[in-house]
Amino acid sequence: MWNNIVNTVLLGTGKKQLRKDDLPPALSAVADTVLGDKSLDVETQFLHLAALALNYRQSGVTSLQDSSVSLEAAPEEILPYCSPAAWQALYTAIDMGLQALILYWMEACAAAQQLAPPEFIPTLLDMSIKEKQWRNLAIIVCGKRGEWLGQFNPAWAFKRSDTAAERWQTGSLEERKQVLSSLRQDDPALAREWLQQTWPLENAATRAELLKILQINANEEDVPWLETLLTDKSSKVKDEAWTLLKQLPTSAIIQAYWQLLQQSIIPAKKGLLNKKSLDISLQLPSDKRIADSGIQLLSSSKSVSDDAFILYQLTTYVPPVWWEGYLQTDKKGVLSYFNNTELTQQFIQALGLAAIRFKDQEWLQLILKESKDFFKDALEALPVHEQEAYVLRFFEKEPQFMIRFLSERNYEWSLPVTRELFRWIAKNPYQYNRNFFDKQVQNIPLSIGGELESFTPELPAYQATWKNTSEHIKRLLTCKAAINKAFSNTK
Amino acid sequence: MLLTEEHVIGLAPDDASRKAGAALASPGKWVSKGVNTDALWGECQGSGSKPYQTQVDIVNVAFKCSCPSRKFPCKHGIGLMLLYARQKDTFTDHTPPAWVDEWLSKRAEKKVGKTEKPVDENAQAKRLQARQQKVADGIAELMRWIKDIVRHGLLQIPEKGDAYWENMARRMVDAQAPGLAGMVRALGETNFFSDGWQISFLDQLLRIYLVVQGYTQSENLEEPLQQELRTLIGFTQNQEALKQQTGIKDNWLVLSKQTTEEENLITERYWLYGQQCKKSALVLQFFVKNQSRPEVLITPGIALQGELVFFPSPTPLRAIIKFPVSNISLPEVTGMEGWAQVTDTETALYEQMPVRSERPYIVQQLTPVQHNLQWWLKDQEERLMPLKTGYSNIWRLLALSGGKPLKMALLGKEQQYEPLGAWHNGSYKLL
């Protein structure tokens with residue numbers, strides 16, 4: 001019926017007129033009356049009948065009866081939903097657009113073995129489309145309902161990660177790197193075996209990327225295989241192999257370094273007091289492998305001879321503890337040998353770098369204590385509590401480096417470190433904005449909330465900025481506290 | 001006060017106010033704050049020398065702030081209500097300060113003290129007669145224009161420029177028929193790029209025709225239908241007179257709020273449903289962006305206990321709130337059994353008035369299902385109705401449902417329904 005009416009008006013009543021047959025039988029009598037009324041022009045007749053038909057159509061709408069259309073319900077959840085307090089905390093985090101807190105919430109929820117309320121599932125899944133690293137967590141906290149929704153929205157049909165072995169065999173390079181890193185942490189030998197198994201199938205760039213991961217828990221069992229890689233065609237692979245071997249004391253190259261050092265640095269007693277000192281003279285010809293392994297042969301500084309520069313570099317690759325045996329003394333004794341001349345004093349920094357490389361905590365602690373220099377690489381090598389103490393010691397000297405280092409940590413900062421950091425940021429309010437705190441909310445301890453006003457900078461121009469920033473931090477911490485409280489059994 | 005954080009955030013007029021309000025929802029921002037059974041109040045230290053005084057009339061659902069913002073509620077209002085929703089225990093002061101008492105008593109006086117100005121009935125009748133003549137002239141021109149379209153057909157219609165529609169709409173404004181002007185504009189706003197535009201175009205053209213025909217022959221019609229047609233033409237209803245009439249007292253569920261903006265005029269549409277009377281209602285609030293704001297706070301997701309007066313109509317829908325009203329928790333309601341009941345009701349309504357807008361329904365036990373690459377809602381009797389094309393909250397609805405039936409509040413007519421909210425685990429979730 002309606003098509004007939006539409007077709008008529010499409011052409012226009014000047015060309016086509018509505019007929020009685022165009023209308024349903026129920027309207028025939030009215031159609032007769034209207035079309036029979038010659039006082040009405042054809043346009044009025046059309047409008048009368050079409051208006052009538054419109055209401056006939058509107059009034060006659062019924063629903064479709066079809067028992068074959070159904071939807072399989074989502075399976076029942078096994079895990080419980082989170083509490084209303086957790087619901088509220090998630091609502092606030094989403095409303096404030098705080099990605100870090102949403103992630104924090106999901107981690108807490110997953111750890112508590114609870115589920116996100118169904119109404120939040122689309123939001124969490126939508127966010128996980130962009131944030132790939134959220135996906136596994138989103139799958140967990142969205143439960144069976146989330147999985148069920150993924151049937152209807154392919155963008156949400158995230159695959160729960162395959163097993164590590166599957167990802168290693170079929171994943172992207174990034175995924176494979178993650179798998180290998182994780183395995184290397186837990187089982188270094190197995191990680192090496194996996195890499196050896198696929199080695200012939202990898203291209204040079206991938207080989208170099210994957211080899212780099214063996215730096216995690218590098219150990220002497222790696223040495224025989226790594227030494228075979230020194231003949232690889234790819235210079236990138238060779239460089240990575242050298243880098244690794246230079247961290248392993250049992251490798252031939254470290255042994256060669258040590259041999260040359262022993263030949264070139266001779267203990268001696270000088271002066272009237274027979275003071276312990278070291279005679280330094282590079283013994284040539286040195287092993288060709290020394291240059292091949294990346295040791296620079298020319299000094300870049302006029303004040304340091306090429307020989308001393310080579311020996312300095314070699315010292316950074318030799319475990320400091322070896323010097324104790326060689327010089328027949330303890331650590332302090334070794335240091336007093338090196339401290340004796342201006343030239344050998346410079347080698348103490350090399351001993352520090354070696355202690356970092358070989359993670360020799362005793363040597364590292366001693367050198368850090370004795371040295372006035374800041375060893376940037378030492379931070380990573382120190383245990384957490386030592387890291388923070390070292391950060392505090394040199395914060396004034398390297399504030400931005402320290403802030404960057406701290407912002408990359410995955411633990412909550414201690415109060416003293418947080419105070420130092422906030423005090424500096426308050427005095428430099430334009431360098432670190434709210435976005436910085438949004439990202440760091442996981443690291444910031446809740447107890448700093450009560451102290452924020454004490455960091456108010458003296459410069460009046462900065463006071464208002466810090467006030468606004470600290471208000472923002474308070475809101476972040478309130479939301480974080482709410483999440484902690486809501487999942488208090490696990491956080 | 002019953003407002004939850006979600007309700008307060010729903011009241012924010014825009015995203016900026018929501019964010020700014022959230023920033024003020026901290027005790028440190030408030031010099032003083034308190035609550036009692038009548039009001040919620042607080043003083044917020046802003047950029048001025050004096051703190052801004054923010055107050056919410058809890059009983060009569062109204063709001064005021066001394067800040068210069070034209071937003072409603074302003075960020076201070078949002079902040080104060082959010083703070084109360086989050087940390088009720090920090091509102092320890094229960095004695096209202098003088099400025100709160102003064103505001104509340106002024107509001108009470110206003111309600112009692114309004115007196116009508118004397119009306120010059122002769123002048124009023126003359127003005128009405130002149131207007132009716134203008135409207136009649138306008139309608140005659142509009143009819144010629146419509147017939148012209150029908151005679152020449154619709155094939156060339158998509159090529160007509162904006163002026164074609166706007167000229168006729170302006171002519172209707174000149175003829176003091178703004179309702180018809182709006183209908184003509186809506187006709188010109190047909191999406192000519194969509195499939196089947198001819199159907200929606202013809203529907204709208206016929207609605208205009210029906211209104212015009214009904215109005216010109218209204219002397220034979222019953223009073224409510226006459227009034228409705230006059231409203232559609234653009235005659236306004238005296239709301240003060242309306243407020244004098246007896247309304248329907250009930251617990252009115254605020255099912256949803258829809259906000260639209262056109263040329264700086266903001267229209268808020270609140271869809272309500274009476275618990276006992278089972279009637280749907282539409283309450284409108286208009287205001288000019290950044291210039292004026294009503295004092296009334298209506299919160300979607302809770303209910304108003306009070307009286308609504310409906311505009312005269314054979315199918316009453318639009319209503320005004322007769323104050324005082326108070327906020328209450330959403331009461332239990334029983335919806336219609338299924339689509340058959342909805343379509344029967346619609347048929348009965350069309351019998352009364354063929355030109356109608358969509359209206360809300362509450363329907364028990366609806367399940368979203370997929371059929372022919374489209375989402376539908378299936379009732380207990382396995383009857384299906386399609387969801388409105390482009391309905392954006394399908395995923396939230398589906399997540400709540402999980403494939404199981406839910407009681408839903410819907411808005412629509414004919415074969416286009418969109419869920420406004422759904423009851424899930426005993427609470428009403430806005431969609």
# chains A, B, ... in the order shown; residues from 1 in each chain; ligands from 1

$ residues_around --residues "Arg318 (chain B)" --least-positions-apart "5" --cutoff "10 Å" --atoms "only C-alpha atoms" --output "VMD selection string"
chain B and resid 269 to 272 280 to 284 308 to 313 359

$ residues_around --residues "Leu225 (chain B)" --least-positions-apart "6" --cutoff "9 Å" --atoms "only C-alpha atoms" --output "number ranges by chain"
B: 214, 218, 312-315, 352-353

$ closest_atom_pairs --of "chain B" --to "chain A" --cutoff "8 Å" --atoms "only C-alpha atoms" --output "CSV"
residue,atom,partner,partner_atom,distance
B:Lys19,CA,A:Met96,CA,7.3
B:Ala23,CA,A:His472,CA,7.4
B:Ser26,CA,A:Arg475,CA,7.8
B:Lys147,CA,A:Glu43,CA,5.7
B:Ile149,CA,A:Gly12,CA,7.6
B:Val150,CA,A:Gly12,CA,5.4
B:Arg151,CA,A:Thr13,CA,4.6
B:His152,CA,A:Gly12,CA,4.6
B:Gly153,CA,A:Gly12,CA,3.3
B:Leu154,CA,A:Leu10,CA,4.5
B:Leu155,CA,A:Leu10,CA,5.6
B:Gln198,CA,A:Val6,CA,6.9
B:Ile199,CA,A:Val6,CA,6.8
B:Leu202,CA,A:Val6,CA,7.4
B:Asp203,CA,A:Leu54,CA,7.2
B:Leu206,CA,A:Ala51,CA,5.5
B:Arg207,CA,A:Ala51,CA,7.6
B:Tyr209,CA,A:Leu47,CA,7.4
B:Leu210,CA,A:Ala51,CA,6.7
B:Trp339,CA,A:Ser63,CA,6.3
B:Ala340,CA,A:Ser63,CA,6.9
B:Thr343,CA,A:Thr62,CA,5.9
B:Glu346,CA,A:Ser59,CA,6.8
B:Thr347,CA,A:Ser59,CA,4.3
B:Ala348,CA,A:Ser59,CA,7.6
B:Tyr350,CA,A:Ser59,CA,5.8
B:Glu351,CA,A:Ser59,CA,7.3
B:Pro354,CA,A:Asn55,CA,5.8
B:Pro368,CA,A:Leu71,CA,7.9
B:Val369,CA,A:Leu71,CA,5.6
B:Gln370,CA,A:Leu71,CA,7.3
B:His371,CA,A:Val69,CA,6.6
B:Glu382,CA,A:Ser67,CA,5.4
B:Arg383,CA,A:Gln65,CA,4.5
B:Leu384,CA,A:Leu64,CA,4.9
B:Met385,CA,A:Ser63,CA,5.4
B:Trp395,CA,A:Pro122,CA,6.2
B:Arg396,CA,A:Glu119,CA,5.6
B:Leu397,CA,A:Glu119,CA,7.8
B:Leu398,CA,A:Leu149,CA,7.6
B:Ala399,CA,A:Pro118,CA,5.3
B:Leu400,CA,A:Pro118,CA,5.4
B:Gly402,CA,A:Ala74,CA,5.1
B:Gly403,CA,A:Ala73,CA,4.0
B:Lys404,CA,A:Ala73,CA,6.0
B:Glu414,CA,A:Val61,CA,6.0
B:Gln415,CA,A:Val61,CA,7.2

$ write_last_selection --atoms "N, CA and C atoms" --output "short mmCIF file (atom, residue, chain, number, x, y, z; two decimals), in the first residue's frame"
data_model
loop_
_atom_site.label_atom_id
_atom_site.label_comp_id
_atom_site.auth_asym_id
_atom_site.auth_seq_id
_atom_site.Cartn_x
_atom_site.Cartn_y
_atom_site.Cartn_z
N LYS B 19 34.13 18.16 34.87
CA LYS B 19 35.52 18.03 35.31
C LYS B 19 35.83 19.08 36.39
N ALA B 23 36.77 18.57 40.39
CA ALA B 23 37.95 19.15 41.03
C ALA B 23 37.57 19.84 42.35
N SER B 26 36.29 18.31 46.98
CA SER B 26 37.23 17.93 48.03
C SER B 26 37.00 18.88 49.21
N LYS B 147 0.73 21.50 -2.14
CA LYS B 147 0.09 20.93 -3.34
C LYS B 147 1.03 21.01 -4.54
N ILE B 149 4.23 20.74 -4.41
CA ILE B 149 5.16 19.61 -4.26
C ILE B 149 4.49 18.33 -4.74
N VAL B 150 3.25 18.11 -4.32
CA VAL B 150 2.55 16.87 -4.67
C VAL B 150 2.33 16.80 -6.18
N ARG B 151 2.01 17.92 -6.77
CA ARG B 151 1.71 17.93 -8.21
C ARG B 151 2.97 17.62 -9.02
N HIS B 152 4.10 18.23 -8.64
CA HIS B 152 5.32 18.07 -9.43
C HIS B 152 6.14 16.84 -9.06
N GLY B 153 5.79 16.23 -7.94
CA GLY B 153 6.49 14.99 -7.57
C GLY B 153 7.74 15.27 -6.73
N LEU B 154 8.29 14.18 -6.18
CA LEU B 154 9.41 14.33 -5.23
C LEU B 154 10.78 14.15 -5.88
N LEU B 155 10.80 13.76 -7.16
CA LEU B 155 12.10 13.40 -7.75
C LEU B 155 13.12 14.53 -7.69
N GLN B 198 12.22 9.03 0.76
CA GLN B 198 10.90 9.42 0.25
C GLN B 198 9.82 9.09 1.29
N ILE B 199 10.03 7.99 2.02
CA ILE B 199 9.00 7.59 2.99
C ILE B 199 8.96 8.58 4.16
N LEU B 202 7.56 11.91 2.98
CA LEU B 202 6.09 11.92 2.80
C LEU B 202 5.37 11.88 4.15
N ASP B 203 5.93 11.10 5.10
CA ASP B 203 5.34 11.06 6.45
C ASP B 203 5.24 12.47 7.03
N LEU B 206 2.74 14.70 5.27
CA LEU B 206 1.35 14.36 5.63
C LEU B 206 1.02 14.80 7.05
N ARG B 207 2.03 14.79 7.92
CA ARG B 207 1.77 15.28 9.29
C ARG B 207 1.41 16.77 9.24
N TYR B 209 0.11 18.30 6.78
CA TYR B 209 -1.21 18.38 6.16
C TYR B 209 -2.31 18.07 7.18
N LEU B 210 -2.07 17.04 7.97
CA LEU B 210 -3.07 16.65 8.99
C LEU B 210 -3.27 17.76 10.02
N TRP B 339 5.20 -6.60 23.69
CA TRP B 339 5.00 -5.71 22.55
C TRP B 339 3.53 -5.60 22.14
N ALA B 340 2.77 -6.68 22.32
CA ALA B 340 1.36 -6.62 21.91
C ALA B 340 0.66 -5.50 22.68
N THR B 343 1.85 -2.10 21.24
CA THR B 343 1.26 -1.73 19.94
C THR B 343 -0.25 -1.48 20.07
N GLU B 346 -0.47 1.99 21.32
CA GLU B 346 -0.15 2.93 20.25
C GLU B 346 -1.35 3.09 19.31
N THR B 347 -1.98 1.97 18.97
CA THR B 347 -3.15 2.03 18.08
C THR B 347 -4.25 2.90 18.69
N ALA B 348 -4.47 2.69 19.99
CA ALA B 348 -5.51 3.48 20.67
C ALA B 348 -5.14 4.96 20.66
N TYR B 350 -3.21 6.52 18.40
CA TYR B 350 -3.35 7.05 17.03
C TYR B 350 -4.81 7.28 16.69
N GLU B 351 -5.66 6.49 17.30
CA GLU B 351 -7.08 6.69 17.06
C GLU B 351 -7.50 8.07 17.56
N PRO B 354 -3.63 11.41 15.22
CA PRO B 354 -2.71 10.79 14.24
C PRO B 354 -1.33 11.44 14.17
N PRO B 368 17.61 -8.37 24.26
CA PRO B 368 18.16 -7.98 22.95
C PRO B 368 18.55 -9.23 22.16
N VAL B 369 18.16 -9.27 20.90
CA VAL B 369 18.53 -10.42 20.05
C VAL B 369 18.93 -9.89 18.67
N GLN B 370 19.70 -10.72 17.97
CA GLN B 370 20.11 -10.33 16.62
C GLN B 370 19.26 -11.07 15.60
N HIS B 371 18.80 -10.33 14.61
CA HIS B 371 17.96 -10.95 13.58
C HIS B 371 18.13 -10.11 12.30
N GLU B 382 7.78 -14.00 22.64
CA GLU B 382 8.61 -14.17 21.45
C GLU B 382 8.20 -13.24 20.32
N ARG B 383 7.72 -12.07 20.72
CA ARG B 383 7.44 -11.03 19.73
C ARG B 383 8.65 -10.11 19.66
N LEU B 384 8.94 -9.64 18.46
CA LEU B 384 10.16 -8.85 18.24
C LEU B 384 9.84 -7.46 17.74
N MET B 385 10.63 -6.51 18.20
CA MET B 385 10.52 -5.13 17.71
C MET B 385 11.94 -4.63 17.46
N TRP B 395 25.77 -1.86 23.27
CA TRP B 395 26.74 -2.72 23.96
C TRP B 395 26.54 -2.69 25.46
N ARG B 396 26.21 -1.52 25.97
CA ARG B 396 25.97 -1.42 27.41
C ARG B 396 24.72 -2.24 27.76
N LEU B 397 23.71 -2.13 26.91
CA LEU B 397 22.47 -2.87 27.14
C LEU B 397 22.75 -4.38 27.10
N LEU B 398 23.52 -4.76 26.11
CA LEU B 398 23.83 -6.18 25.93
C LEU B 398 24.66 -6.70 27.11
N ALA B 399 25.59 -5.86 27.58
CA ALA B 399 26.43 -6.27 28.72
C ALA B 399 25.55 -6.47 29.96
N LEU B 400 24.59 -5.59 30.16
CA LEU B 400 23.70 -5.72 31.32
C LEU B 400 22.83 -6.97 31.18
N GLY B 402 23.25 -9.76 29.14
CA GLY B 402 23.94 -11.06 29.06
C GLY B 402 23.06 -12.11 28.41
N GLY B 403 22.14 -11.65 27.55
CA GLY B 403 21.25 -12.60 26.87
C GLY B 403 20.03 -12.97 27.70
N LYS B 404 19.87 -12.33 28.86
CA LYS B 404 18.70 -12.62 29.71
C LYS B 404 17.76 -11.42 29.69
N GLU B 414 5.67 3.53 16.45
CA GLU B 414 5.68 2.65 15.28
C GLU B 414 6.71 1.54 15.45
N GLN B 415 7.74 1.52 14.60
CA GLN B 415 8.70 0.42 14.69
C GLN B 415 10.11 0.93 15.00
#

$ residues_around --residues "Leu214 (chain A)" --least-positions-apart "5" --cutoff "12 Å" --atoms "only C-alpha atoms" --output "ChimeraX atom specification"
/A:177,180-185,187-196,207-209,219-223,225-226,240-241,243-245,247-248

$ atom_distance --atom1 "CA of Gln113 (chain A)" --atom2 "CA of Trp134 (chain A)"
16.4 Å

$ residues_around --residues "region 320-333 of chain B" --least-positions-apart "2" --cutoff "6 Å" --atoms "only C-alpha atoms" --output "list in words"
Val59, Asn60, Gln275, Val283, Ile302, Ala303, Leu304, Gln305, Gly306, Glu307, Leu308 and Val309 of chain B

$ residues_around --residues "Ser371 (chain A)" --least-positions-apart "2" --cutoff "9 Å" --atoms "only C-alpha atoms" --output "mmCIF file with C-alpha atoms, in the first residue's frame"
data_model
loop_
_atom_site.group_PDB
_atom_site.id
_atom_site.type_symbol
_atom_site.label_atom_id
_atom_site.label_comp_id
_atom_site.auth_asym_id
_atom_site.auth_seq_id
_atom_site.Cartn_x
_atom_site.Cartn_y
_atom_site.Cartn_z
ATOM 1 C CA ILE A 348 88.815 3.097 40.527
ATOM 2 C CA GLN A 349 85.940 4.263 38.356
ATOM 3 C CA GLY A 352 83.103 0.539 39.944
ATOM 4 C CA LEU A 366 82.455 -0.054 48.787
ATOM 5 C CA ILE A 367 83.132 1.959 45.643
ATOM 6 C CA LEU A 368 79.886 3.906 45.867
ATOM 7 C CA LYS A 369 80.744 4.726 49.456
ATOM 8 C CA ASP A 373 81.206 10.412 41.554
ATOM 9 C CA PHE A 374 77.665 9.448 40.622
#

$ closest_residue --among "B:Asn425, B:Gln204, B:Thr334, B:Ser194" --to "Arg356 (chain B)" --atoms "only C-alpha atoms"
B:Gln204

$ select_by_dssp --residues "region 160-284 of chain A" --states "strand (DSSP E)" --output "PyMOL selection string"
chain A and resi 265-270+275-280

$ select_by_dssp --residues "region 415-484 of chain A" --states "helix (DSSP H, G or I)" --output "number ranges by chain"
A: 415-427, 434-440, 446-455, 460-484

$ residues_around --residues "region 121-133 of chain B" --least-positions-apart "4" --cutoff "8 Å" --atoms "only C-alpha atoms" --output "JSON, numbers by chain"
{"B": [137, 175, 176]}

$ closest_residue --among "B:Asn238, B:Glu189, B:Cys277, B:Gly138" --to "Val212 (chain B)" --atoms "only C-alpha atoms"
B:Gly138
